[in-house]
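Trainee: Pasting target-v2.txt here (compact mmCIF, C-alpha atoms):
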# COMPACT_ATOMS: atom_id res chain seq x y z
CA MET A 1 86.83 105.07 134.50
CA LEU A 2 83.05 105.40 134.07
CA LEU A 3 83.35 106.03 130.33
CA LYS A 4 85.65 103.03 129.97
CA LEU A 5 83.03 100.84 131.63
CA LEU A 6 80.28 102.33 129.49
CA SER A 7 82.25 101.52 126.34
CA TYR A 8 81.38 97.84 126.77
CA PRO A 9 77.57 98.12 126.61
CA ARG A 10 77.88 100.88 123.98
CA SER A 11 79.94 98.70 121.66
CA PHE A 12 77.82 95.57 122.17
CA VAL A 13 74.58 97.46 121.47
CA MET A 14 76.07 99.04 118.36
CA VAL A 15 77.24 95.64 117.10
CA LEU A 16 73.64 94.45 117.30
CA LEU A 17 72.33 97.52 115.45
CA TYR A 18 75.11 97.69 112.90
CA PRO A 19 73.88 94.99 110.45
CA PHE A 20 70.55 96.85 110.08
CA PHE A 21 72.33 100.17 109.51
CA THR A 22 74.61 98.56 106.92
CA MET A 23 71.67 96.90 105.19
CA ILE A 24 69.86 100.23 104.86
CA CYS A 25 72.96 101.86 103.36
CA ALA A 26 73.47 98.89 101.02
CA ILE A 27 69.88 99.05 99.75
CA ALA A 28 70.24 102.80 99.22
CA MET A 29 73.43 102.22 97.21
CA VAL A 30 71.78 99.64 94.95
CA LEU A 31 68.72 101.82 94.34
CA VAL A 32 70.74 104.97 93.61
CA ASN A 33 72.97 103.07 91.22
CA LEU A 34 70.08 101.38 89.42
CA ILE A 35 67.93 104.48 89.09
CA PHE A 36 70.36 107.38 88.82
CA GLN A 37 73.90 106.01 88.28
CA ASN A 38 75.21 109.16 89.94
CA ARG A 39 78.72 108.75 91.36
CA ARG A 40 78.46 111.81 93.61
CA TRP A 41 75.30 110.47 95.25
CA GLU A 42 76.88 107.04 95.62
CA ASP A 43 79.89 108.65 97.29
CA GLN A 44 77.61 110.44 99.75
CA ILE A 45 76.17 107.07 100.80
CA VAL A 46 79.70 105.72 101.29
CA TYR A 47 80.70 108.75 103.38
CA PHE A 48 77.50 108.48 105.46
CA TRP A 49 78.06 104.76 106.11
CA CYS A 50 81.75 105.08 107.03
CA ARG A 51 81.57 108.26 109.09
CA ASN A 52 78.59 107.02 111.07
CA THR A 53 80.28 103.65 111.61
CA CYS A 54 83.12 105.52 113.29
CA TRP A 55 80.72 107.69 115.28
CA MET A 56 78.72 104.68 116.50
CA PHE A 57 81.82 103.12 118.04
CA GLY A 58 83.45 106.29 119.39
CA VAL A 59 86.19 106.55 116.77
CA ARG A 60 87.69 109.88 115.77
CA VAL A 61 89.69 110.31 112.57
CA GLU A 62 92.51 112.80 112.02
CA VAL A 63 93.94 113.36 108.54
CA LYS A 64 97.27 114.84 107.47
CA GLY A 65 98.71 115.47 104.03
CA LEU A 66 95.59 115.76 101.89
CA GLU A 67 97.48 118.32 99.82
CA ASN A 68 99.76 115.47 98.62
CA ARG A 69 96.99 113.91 96.53
CA PRO A 70 97.64 114.43 92.80
CA ALA A 71 94.97 115.40 90.31
CA GLY A 72 93.25 112.67 88.31
CA GLY A 73 93.30 108.93 88.90
CA PHE A 74 95.72 107.30 91.29
CA LEU A 75 96.13 104.33 93.62
CA TYR A 76 96.24 104.65 97.40
CA VAL A 77 98.45 101.99 99.03
CA PHE A 78 98.09 101.59 102.79
CA ASN A 79 99.05 99.40 105.74
CA HIS A 80 96.13 97.16 106.64
CA THR A 81 95.47 96.14 110.26
CA SER A 82 91.70 96.50 110.72
CA PHE A 83 88.36 96.87 108.98
CA PHE A 84 88.43 100.39 110.42
CA ASP A 85 91.21 101.26 107.96
CA ILE A 86 88.50 101.09 105.33
CA PHE A 87 85.95 103.12 107.31
CA ALA A 88 88.47 105.86 108.13
CA MET A 89 89.88 106.12 104.61
CA ASN A 90 86.53 105.92 102.80
CA GLY A 91 85.01 108.45 105.19
CA TRP A 92 87.77 111.06 105.08
CA LEU A 93 89.97 110.70 101.95
CA GLY A 94 87.45 111.55 99.27
CA SER A 95 86.05 109.46 96.43
CA PHE A 96 87.75 106.15 95.65
CA ARG A 97 87.01 102.44 95.57
CA PHE A 98 88.67 99.60 97.44
CA GLY A 99 89.72 96.14 96.48
CA ALA A 100 87.90 93.69 98.77
CA LYS A 101 88.14 89.94 99.21
CA ILE A 102 85.67 88.20 96.96
CA GLU A 103 83.97 86.36 99.86
CA LEU A 104 82.39 89.65 100.99
CA PHE A 105 80.47 89.88 97.72
CA SER A 106 78.32 86.89 98.76
CA ILE A 107 76.81 88.77 101.74
CA PRO A 108 73.13 89.59 101.00
CA PHE A 109 72.50 93.25 100.11
CA PHE A 110 76.05 94.23 101.07
CA GLY A 111 77.63 92.25 98.24
CA ALA A 112 75.22 93.71 95.69
CA ALA A 113 75.97 97.20 96.95
CA MET A 114 79.70 96.59 96.63
CA ARG A 115 79.33 95.47 93.02
CA ARG A 116 77.11 98.45 92.21
CA ALA A 117 79.58 100.81 93.85
CA GLY A 118 82.44 99.50 91.71
CA ILE A 119 84.47 97.78 94.45
CA LEU A 120 87.12 95.46 93.00
CA PRO A 121 86.52 91.76 93.86
CA ILE A 122 89.83 90.18 94.86
CA ALA A 123 90.09 86.37 94.84
CA ARG A 124 93.32 86.03 96.78
CA GLU A 125 93.95 82.40 95.91
CA ARG A 126 93.30 82.88 92.17
CA ARG A 127 96.10 85.10 90.93
CA GLU A 128 95.03 85.11 87.27
CA GLU A 129 91.52 86.30 88.17
CA VAL A 130 92.95 89.09 90.32
CA PHE A 131 95.06 90.39 87.44
CA LYS A 132 92.02 90.29 85.13
CA VAL A 133 90.17 92.49 87.64
CA TYR A 134 93.09 94.91 87.71
CA GLN A 135 93.29 94.94 83.92
CA ALA A 136 89.60 95.76 83.62
CA ALA A 137 90.05 98.63 86.11
CA GLU A 138 92.95 100.24 84.23
CA ALA A 139 90.59 102.22 81.98
CA ARG A 140 88.72 103.46 85.05
CA ILE A 141 91.86 104.79 86.73
CA ARG A 142 92.99 106.44 83.47
CA SER A 143 89.63 108.20 83.30
CA GLY A 144 90.21 109.71 86.74
CA GLU A 145 88.88 107.15 89.21
CA ARG A 146 90.85 106.47 92.35
CA PHE A 147 91.39 103.13 94.07
CA ALA A 148 92.94 101.80 97.28
CA LEU A 149 94.74 98.50 97.73
CA SER A 150 96.82 97.08 100.55
CA PRO A 151 100.19 95.79 99.30
CA GLU A 152 100.30 93.58 102.41
CA GLY A 153 97.38 91.63 100.95
CA THR A 154 95.47 91.10 104.18
CA ARG A 155 95.14 92.52 107.68
CA HIS A 156 98.32 92.55 109.72
CA LEU A 157 98.29 92.11 113.50
CA LYS A 158 100.37 95.17 114.50
CA ASP A 159 100.34 98.75 113.29
CA SER A 160 104.00 99.05 114.34
CA GLN A 161 105.02 96.55 111.65
CA LEU A 162 104.80 96.57 107.88
CA ALA A 163 104.34 93.13 106.36
CA ARG A 164 106.00 92.04 103.13
CA PHE A 165 104.45 93.45 99.99
CA LYS A 166 102.69 91.51 97.25
CA ALA A 167 103.14 92.37 93.59
CA GLY A 168 99.52 92.92 92.53
CA PRO A 169 98.99 96.62 93.37
CA PHE A 170 102.28 97.56 91.73
CA VAL A 171 101.49 95.67 88.54
CA PHE A 172 98.13 97.46 88.47
CA ALA A 173 99.68 100.92 88.92
CA ILE A 174 102.47 100.40 86.38
CA ASN A 175 100.14 99.03 83.70
CA ALA A 176 97.73 101.93 84.27
CA LYS A 177 100.61 104.46 84.45
CA ALA A 178 98.99 105.70 87.66
CA PRO A 179 100.66 107.44 90.62
CA MET A 180 100.83 105.49 93.87
CA VAL A 181 99.94 107.46 97.00
CA PRO A 182 101.07 105.84 100.28
CA VAL A 183 98.76 106.27 103.28
CA ILE A 184 99.99 105.56 106.80
CA VAL A 185 97.18 104.32 109.06
CA LYS A 186 97.73 104.39 112.81
CA GLY A 187 95.34 103.45 115.62
CA ALA A 188 92.94 101.24 113.67
CA ALA A 189 94.36 98.03 115.16
CA ALA A 190 93.48 99.27 118.65
CA VAL A 191 89.88 99.89 117.58
CA LEU A 192 89.27 96.49 116.01
CA PRO A 193 92.24 94.13 115.74
CA LYS A 194 92.16 91.06 113.57
CA ASN A 195 90.15 88.19 115.11
CA ARG A 196 87.92 90.48 117.21
CA ILE A 197 84.29 91.27 116.35
CA VAL A 198 83.36 93.99 118.89
CA PRO A 199 85.04 97.34 118.18
CA ASN A 200 86.50 99.78 120.67
CA VAL A 201 85.85 98.13 124.01
CA GLY A 202 87.74 99.42 127.04
CA GLU A 203 87.95 103.04 125.79
CA TRP A 204 85.15 105.51 125.16
CA THR A 205 86.98 107.14 122.27
CA ARG A 206 89.98 106.18 120.18
CA THR A 207 91.63 108.08 117.35
CA ILE A 208 92.73 106.80 113.95
CA THR A 209 95.26 108.95 112.11
CA LEU A 210 95.69 108.92 108.35
CA GLU A 211 98.81 110.47 106.86
CA VAL A 212 98.84 110.87 103.08
CA LEU A 213 102.40 110.86 101.70
CA PRO A 214 103.59 112.42 98.41
CA PRO A 215 102.83 110.37 95.28
CA ILE A 216 105.27 107.99 93.66
CA HIS A 217 104.93 108.15 89.88
CA THR A 218 105.06 104.98 87.79
CA GLU A 219 104.83 106.19 84.19
CA ASP A 220 108.58 105.81 83.59
CA TYR A 221 108.69 102.20 84.81
CA SER A 222 108.11 99.03 82.81
CA ILE A 223 106.45 95.96 84.28
CA GLU A 224 109.90 94.32 84.46
CA GLN A 225 110.91 97.11 86.84
CA ARG A 226 108.02 96.39 89.20
CA PRO A 227 110.37 95.31 92.05
CA LEU A 228 112.03 98.76 91.92
CA VAL A 229 108.69 100.54 92.36
CA GLN A 230 107.67 98.09 95.09
CA GLU A 231 110.87 98.70 97.04
CA LYS A 232 110.62 102.46 96.54
CA VAL A 233 107.14 102.54 98.07
CA ARG A 234 108.18 100.26 100.90
CA GLN A 235 111.19 102.43 101.78
CA VAL A 236 108.96 105.52 101.92
CA MET A 237 106.59 103.78 104.34
CA LEU A 238 109.10 101.89 106.50
CA PRO A 239 110.15 104.81 108.78
CA TYR A 240 106.62 104.82 110.21
CA PHE A 241 106.90 101.16 111.26
CA PRO A 242 109.93 100.72 113.54
CA GLU A 243 109.37 97.01 114.26
CA SER A 244 109.31 95.95 110.60
CA GLU A 245 111.79 93.65 108.96
CA VAL A 246 113.95 95.66 106.58
Re-express the file's structure as structure tokens.
Mentor:
Amino acid sequence: MLLKLLSYPRSFVMVLLYPFFTMICAIAMVLVNLIFQNRRWEDQIVYFWCRNTCWMFGVRVEVKGLENRPAGGFLYVFNHTSFFDIFAMNGWLGSFRFGAKIELFSIPFFGAAMRRAGILPIARERREEVFKVYQAAEARIRSGERFALSPEGTRHLKDSQLARFKAGPFVFAINAKAPMVPVIVKGAAAVLPKNRIVPNVGEWTRTITLEVLPPIHTEDYSIEQRPLVQEKVRQVMLPYFPESEV
């Protein structure tokens, strides 16, 4: 009971400190990219930011199935319920870059760091621009880079449901001939659900689990067969979400 009560001041204090911590990490990312352009060093900054974000708010992360990741470039696809999906995945699943809504790129320091890190800017209401971003990233994934996109498009309210999928990530993977690696995220919605700004109140610690599923290969599919790939990925993920519409 005491730790539950202490979670409230802990989380509120960390929310006040967090912008300064993020700004320091963002400045470090910009400087490292400008001076050294060293991906391994940039990744270390990402790991430091994400793992310490989880530590600050009492979040533990458990990972299963890392052996399912294929060699070379691929695309993680995951269920999206919370900003802590990003922290958990970026902190514990190795080097990759997310697609993030374009509005985040206007945040001082943070937006510049995202651009320098190679995050994909996603303008959700401008479909043609989104596909241009994906097209430009195809060469990167063929060269071995890894990315993560949510086929749901935005955060969903429940981690017991899987929202309907959008076409974009599947078009990206098929055009790049890249494997798609589903990731099942559980527990992030309890840490910071949509429409809340203070993480992990009411519990001293919470756990997010990440389960990496075997890859689904796309090289034998044409873009006209995109709905087949989309449904195949959805059927693999659906058993983990019992309240979803089939």
Trainee: What does the structure give for the distance between CA of Tyr76 in chain A and CA of His217 in chain A, in Å to one decimal?
Mentor: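 Those two atoms sit 12.0 Å apart.
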Trainee: Padding of 4 Å on every side, edges along x, y and z, all listed atoms of range 220-226 of chain A included: what centre and edge lengths in Å, to one decimal, does that box have, as JSON?
Mentor:
{"center_x": 108.7, "center_y": 100.1, "center_z": 86.0, "size_x": 12.5, "size_y": 19.5, "size_z": 14.4}
Trainee: Using only C-alpha atoms, which of the listed residues (A:Ile122, A:Leu210, A:Leu104, A:Leu31) sits closest to Gly187 in chain A?
Mentor: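 Ranking A:Ile122, A:Leu210, A:Leu104, A:Leu31 by distance to Gly187 in chain A, first place goes to A:Leu210.
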Trainee: In the coordinate frame of the file, compute which residues have an atom within 12 Å of (110.6, 96.6, 95.0) when using all atoms listed in the file, and state them as a list in words.
Mentor: Pro151, Arg164, Phe165, Lys166, Ala167, Gly168, Pro169, Phe170, Val171, Tyr221, Ile223, Glu224, Gln225, Arg226, Pro227, Leu228, Val229, Gln230, Glu231, Lys232, Val233, Arg234, Gln235 and Val236 of chain A
Trainee: Determine the nearest neighbour of Gly153 in chain A from the options A:Ala100, A:Leu16, A:Val61, A:Val133, counting only C-alpha atoms.
Mentor: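 Once distances to Gly153 in chain A are computed over only C-alpha atoms, the minimum belongs to A:Ala100.
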Trainee: Write out as a compact mmCIF listing (two decimals) with C-alpha atoms, in the frame of the given file which residues come within 9 Å of Pro70 in chain A when counting only C-alpha atoms, dropping same-chain ones fewer than 5 positions away.
Mentor:
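Wrote it out as part-v1.txt, contents follow:
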# COMPACT_ATOMS: atom_id res chain seq x y z
CA PRO A 179 100.66 107.44 90.62
CA VAL A 181 99.94 107.46 97.00
CA PRO A 214 103.59 112.42 98.41
CA PRO A 215 102.83 110.37 95.28
Trainee: In Å, how far is it from CA of Tyr240 in chain A to CA of Asn79 in chain A?
Mentor: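 CA of Asn79 in chain A lies 10.3 Å from CA of Tyr240 in chain A.
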Trainee: Please report the interatomic distance between CA of Arg206 in chain A and CA of Ala190 in chain A in Å with one decimal.
Mentor: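 These two atoms are separated by 7.9 Å.
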Trainee: I want to know what sits within 7 Å of Val198 in chain A, based on only C-alpha atoms, with residues of the same chain fewer than 4 positions away left out; could you give that as an MDAnalysis selection string?
Mentor: chainID A and resid 11:12 15
Trainee: Please list as a list in words every residue within 12 Å of Tyr18 in chain A, counting all atoms listed in the file and excluding residues in the same chain fewer than 6 positions away.
Mentor: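 Once the nearby chain positions are removed, what remains is Arg10, Ser11, Phe12, Ile24, Cys25, Trp49, Cys50, Asn52, Thr53, Cys54, Trp55, Met56, Phe57, Ile197, Val198 and Pro199 of chain A.
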Trainee: Using only C-alpha atoms, can you tell me which of A:Glu219, A:Glu103, A:Glu211, A:Glu67 comes closest to Met89 in chain A?
Mentor: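 Of the candidates, the smallest distance to Met89 in chain A is held by A:Glu211.
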Trainee: Which one of A:Met237, A:Leu149, A:Ala26, A:Val191 sits closest to Gln161 in chain A if you count only C-alpha atoms?
Mentor: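 That would be A:Met237, the residue with the smallest distance to Gln161 in chain A.
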Trainee: Of the residues A:Ser160, A:Asn200, A:Asn90, A:Ser150, which is the one nearest to Leu238 in chain A, using all atoms listed in the file?
Mentor: A:Ser160
Trainee: Given only C-alpha atoms as the basis, pick out the residue of A:Leu17, A:Gly202, A:Asp159, A:Pro193 nearest to Pro242 in chain A.
Mentor: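 Closest candidate: A:Asp159.
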Trainee: Hey, what's within 9 Å of Ala88 in chain A if we count all atoms listed in the file and toss same-chain stuff fewer than 2 positions away? As a PyMOL selection string, please?
Mentor: chain A and resi 50-51+54+59-62+84-86+90-93+185+188+208-210
Trainee: List as a list in words the protein and nucleic acid residues near Leu75 in chain A, meaning an atom at most 10 Å away when all atoms listed in the file are counted, but skip any in the same chain fewer than 5 places from it.
Mentor: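 So, after excluding close chain neighbours, the residues are Phe96, Arg97, Phe98, Ile141, Glu145, Arg146, Phe147, Ala148, Leu149, Pro169, Phe170, Phe172, Ala173, Ala176, Ala178, Pro179, Met180, Val181, Pro182, Pro215 and Ile216 of chain A.
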Trainee: Is there a way to get, as a ChimeraX atom specification, all residues within 12 Å of the point (75.2, 107.5, 98.2) in file coordinates, counting only C-alpha atoms?
Mentor: /A:24-34,36-50,95,113-114,116-117
Trainee: Any chance you can output those residues with C-alpha atoms as a CSV table (one decimal), in the coordinates of the input?
Mentor:
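The resulting file, part.csv, is shown below:
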chain,number,residue,atom,x,y,z
A,24,ILE,CA,69.9,100.2,104.9
A,25,CYS,CA,73.0,101.9,103.4
A,26,ALA,CA,73.5,98.9,101.0
A,27,ILE,CA,69.9,99.0,99.8
A,28,ALA,CA,70.2,102.8,99.2
A,29,MET,CA,73.4,102.2,97.2
A,30,VAL,CA,71.8,99.6,95.0
A,31,LEU,CA,68.7,101.8,94.3
A,32,VAL,CA,70.7,105.0,93.6
A,33,ASN,CA,73.0,103.1,91.2
A,34,LEU,CA,70.1,101.4,89.4
A,36,PHE,CA,70.4,107.4,88.8
A,37,GLN,CA,73.9,106.0,88.3
A,38,ASN,CA,75.2,109.2,89.9
A,39,ARG,CA,78.7,108.8,91.4
A,40,ARG,CA,78.5,111.8,93.6
A,41,TRP,CA,75.3,110.5,95.2
A,42,GLU,CA,76.9,107.0,95.6
A,43,ASP,CA,79.9,108.6,97.3
A,44,GLN,CA,77.6,110.4,99.8
A,45,ILE,CA,76.2,107.1,100.8
A,46,VAL,CA,79.7,105.7,101.3
A,47,TYR,CA,80.7,108.8,103.4
A,48,PHE,CA,77.5,108.5,105.5
A,49,TRP,CA,78.1,104.8,106.1
A,50,CYS,CA,81.8,105.1,107.0
A,95,SER,CA,86.0,109.5,96.4
A,113,ALA,CA,76.0,97.2,97.0
A,114,MET,CA,79.7,96.6,96.6
A,116,ARG,CA,77.1,98.4,92.2
A,117,ALA,CA,79.6,100.8,93.8
